[in-house]
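Beneath this line is the structure, given in structure tokens, with notes to follow.
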Amino acid sequence: MNTIIEQDINNIIKENLPFEKLKNKTVLVSGANGFIPSYVVETLLALNNTKVIGVVRNKEKAQKKFNHHLNNKNLKIIVQDIVNPLEIEEKIDYIIHAASQASPKYYGVDPVGTLKANTIGTYNLLELAKKNNVEKFLFFSTGEVYGVIDNDTPQITETYTGKLDCTCVRSCYGESKRMGETMCVCYSHQFGFPVNMIRLSHTYGPGVELNDGRVFGDFTNNILNNQNIVLNSDGSAKRSFCYISDMIRALFYVLFFGADKNAYNIASEVETSILELARIFVGLYPQKNLKVEFKDGVFREGYIKSASSRANFNIDKLKLLGWNQKVDIKEGFKRMVDSYYDNN
């Protein structure tokens, strides 16, 4: 395993959380090949007493990602698209539904595939949760459910509702996540098993696919290839960037302590502009003598830009569960870039 990822996992399982609740339990993780859910799988397997069923679409990718676990009796990989019904006979205690195309590069080229995982896939997993009467169903949602955020909104609480234009192709992600959340709440209401929804901000760290269209992937590529960072805007848009180990710790706080049918923001406490982020990146490696440049609006094919210029999430509700941020943005992005050097 990558050294920095291993350090992250060790730090997560040292958190003062009731991981003993997962002893001899079976946890299904959809989208297990993904950046965030793969960290969830690694964390669960590090407990050494929890069985994990990872649902993936790409067998070869799973074999490569979890190569060091292929002989681990606690890991079972199922190769299947979750838009098809899952026929799993063994008892499942928890379901963590993380399968989704979360990168903007997919919204323009495969909007239907994007929304199907969040609606049809969610339905199939909720049916499986009903069959097993699970102890908790955890749905990966997003800050995109808040729609277009007014610039004068000081912080976005879980009760905020902005507009989403359902005739805009980019809404395939936010609208389908909204529907997925509603489905979770309705199933919990009607069939009695508890659910939580986690609304993620921009999560980064080792394992991000550097060509997935998100800005920190682009910046990491620039640093690794000794290239200046080129901005396709003035860099004024602000985002909340949360390091992966902080995000996974937050996930388990919600899994163990989250109030039924509630959504929780997971984010950094600090908003950072894209320009500030670019300057942080070049400042991490001053010996490279890189700089930030500007180039007017050039985007990848299929990439549809967000209509919101900022996203400052209020995390008071999460902090009441006991969570706090531990990794600041400079340390986090240094760990992310260094992890790719570690791979090579």
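Ligands are numbered from 1 in the order shown, residues from 1 within each chain, and chains are lettered A, B, ... in the order they appear in the structure tokens.
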Neighbour list for Val208 (chain A) as an mmCIF file with N, CA and C atoms, in the first residue's frame, cut-off 12 Å, only C-alpha atoms, skip fewer than 5 positions in-chain:
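This went into out10.cif:
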```
data_model
loop_
_atom_site.group_PDB
_atom_site.id
_atom_site.type_symbol
_atom_site.label_atom_id
_atom_site.label_comp_id
_atom_site.auth_asym_id
_atom_site.auth_seq_id
_atom_site.Cartn_x
_atom_site.Cartn_y
_atom_site.Cartn_z
ATOM 1 N N ILE A 5 -1.102 6.662 2.205
ATOM 2 C CA ILE A 5 -2.430 6.090 2.424
ATOM 3 C C ILE A 5 -2.418 5.222 3.675
ATOM 4 N N ASN A 33 -14.185 0.813 -6.099
ATOM 5 C CA ASN A 33 -12.960 1.198 -6.805
ATOM 6 C C ASN A 33 -12.670 2.691 -6.706
ATOM 7 N N GLY A 34 -13.661 3.463 -6.317
ATOM 8 C CA GLY A 34 -13.525 4.912 -6.326
ATOM 9 C C GLY A 34 -12.556 5.437 -5.289
ATOM 10 N N PHE A 35 -12.160 6.670 -5.466
ATOM 11 C CA PHE A 35 -11.196 7.319 -4.583
ATOM 12 C C PHE A 35 -11.635 7.273 -3.117
ATOM 13 N N ILE A 36 -12.808 7.787 -2.797
ATOM 14 C CA ILE A 36 -13.264 7.822 -1.405
ATOM 15 C C ILE A 36 -13.684 6.439 -0.912
ATOM 16 N N PRO A 37 -14.553 5.712 -1.642
ATOM 17 C CA PRO A 37 -14.957 4.396 -1.125
ATOM 18 C C PRO A 37 -13.813 3.405 -0.977
ATOM 19 N N SER A 38 -12.761 3.522 -1.772
ATOM 20 C CA SER A 38 -11.625 2.613 -1.586
ATOM 21 C C SER A 38 -10.944 2.862 -0.244
ATOM 22 N N TYR A 39 -10.937 4.117 0.206
ATOM 23 C CA TYR A 39 -10.425 4.443 1.543
ATOM 24 C C TYR A 39 -11.319 3.825 2.615
ATOM 25 N N ALA A 102 -18.865 11.268 -10.052
ATOM 26 C CA ALA A 102 -18.885 12.515 -9.289
ATOM 27 C C ALA A 102 -18.083 13.638 -9.939
ATOM 28 N N SER A 103 -17.446 13.378 -11.059
ATOM 29 C CA SER A 103 -16.622 14.404 -11.686
ATOM 30 C C SER A 103 -17.393 15.155 -12.764
ATOM 31 N N HIS A 202 -15.545 19.347 -1.749
ATOM 32 C CA HIS A 202 -14.458 18.844 -2.596
ATOM 33 C C HIS A 202 -13.464 18.078 -1.715
ATOM 34 N N THR A 203 -13.422 16.771 -1.910
ATOM 35 C CA THR A 203 -12.541 15.913 -1.124
ATOM 36 C C THR A 203 -11.332 15.547 -1.967
ATOM 37 N N GLY A 213 -10.859 15.884 -14.172
ATOM 38 C CA GLY A 213 -11.467 17.173 -14.458
ATOM 39 C C GLY A 213 -11.558 18.125 -13.289
ATOM 40 N N ARG A 214 -11.210 17.651 -12.080
ATOM 41 C CA ARG A 214 -11.274 18.546 -10.928
ATOM 42 C C ARG A 214 -9.961 19.318 -10.793
ATOM 43 N N VAL A 215 -10.091 20.521 -10.281
ATOM 44 C CA VAL A 215 -8.975 21.460 -10.332
ATOM 45 C C VAL A 215 -7.749 20.955 -9.584
ATOM 46 N N PHE A 216 -7.935 20.287 -8.426
ATOM 47 C CA PHE A 216 -6.760 19.854 -7.676
ATOM 48 C C PHE A 216 -6.046 18.698 -8.370
ATOM 49 N N GLY A 217 -6.761 17.934 -9.193
ATOM 50 C CA GLY A 217 -6.107 16.910 -10.001
ATOM 51 C C GLY A 217 -5.231 17.548 -11.066
ATOM 52 N N ASP A 218 -5.764 18.595 -11.711
ATOM 53 C CA ASP A 218 -4.993 19.326 -12.713
ATOM 54 C C ASP A 218 -3.739 19.938 -12.092
ATOM 55 N N PHE A 219 -3.901 20.561 -10.927
ATOM 56 C CA PHE A 219 -2.766 21.218 -10.284
ATOM 57 C C PHE A 219 -1.700 20.199 -9.872
ATOM 58 N N THR A 220 -2.135 19.053 -9.381
ATOM 59 C CA THR A 220 -1.178 18.011 -9.000
ATOM 60 C C THR A 220 -0.406 17.534 -10.229
ATOM 61 N N ASN A 221 -1.106 17.357 -11.336
ATOM 62 C CA ASN A 221 -0.438 16.984 -12.586
ATOM 63 C C ASN A 221 0.612 18.008 -12.974
ATOM 64 N N TYR A 243 -9.525 17.161 3.279
ATOM 65 C CA TYR A 243 -8.588 16.065 3.067
ATOM 66 C C TYR A 243 -9.267 14.729 3.350
ATOM 67 N N ILE A 244 -8.875 13.712 2.620
ATOM 68 C CA ILE A 244 -9.561 12.429 2.628
ATOM 69 C C ILE A 244 -9.657 11.788 4.018
ATOM 70 N N PHE A 333 -2.552 18.922 0.841
ATOM 71 C CA PHE A 333 -2.129 18.873 -0.555
ATOM 72 C C PHE A 333 -0.668 18.442 -0.694
ATOM 73 N N MET A 336 -0.942 14.784 -0.608
ATOM 74 C CA MET A 336 -1.496 14.275 -1.855
ATOM 75 C C MET A 336 -0.421 14.197 -2.944
ATOM 76 N N VAL A 337 0.296 15.292 -3.161
ATOM 77 C CA VAL A 337 1.318 15.292 -4.216
ATOM 78 C C VAL A 337 2.429 14.298 -3.887
ATOM 79 N N SER A 339 2.255 11.631 -2.311
ATOM 80 C CA SER A 339 1.810 10.235 -2.471
ATOM 81 C C SER A 339 2.068 9.744 -3.898
ATOM 82 N N TYR A 340 1.981 10.642 -4.885
ATOM 83 C CA TYR A 340 2.248 10.239 -6.260
ATOM 84 C C TYR A 340 3.749 10.054 -6.487
#
```
Could you list, with a cut-off of 9 Å and counting only C-alpha atoms, the residues of region 203-295 of chain A near region 158-179 of chain A, each shown with its nearest atom pair and the distance in Å rounded to one decimal, rows sorted by chain and ascending number, as a tab-separated table?
```
residue	atom	partner	partner_atom	distance
A:Asn262	CA	A:Glu158	CA	8.9
A:Ala263	CA	A:Glu158	CA	6.6
A:Tyr264	CA	A:Glu158	CA	6.6
A:Asn265	CA	A:Glu158	CA	6.7
```
request  = Based on DSSP run over this structure's backbone, return all residues of region 88-327 of chain A in alpha helix (DSSP H), as a PyMOL selection string.
outcome  = chain A and resi 104-107+111-132+171-191+215-224+244-257+274-284+316-319
Q. Can you tell me, as JSON, numbers by chain, what residues are no more than 7 Å from Ser236 (chain A) when counting only C-alpha atoms, ignoring any on the same chain fewer than 5 positions away?
A. {"A": [273, 274, 275]}
task = In Å, rounded to a single decimal, give me how far CA of Ile120 (chain A) is from CA of Tyr106 (chain A).
result =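 If I compute the distance from CA of Tyr106 (chain A) to CA of Ile120 (chain A), I get 17.7 Å.
Among the candidates A:Leu70, A:Leu45, A:Ile198, A:Ala250, the one nearest to Leu321 (chain A) when counting only C-alpha atoms is A:Ala250.
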The distance between CA of Tyr253 (chain A) and CA of Ala32 (chain A) is 19.8 Å
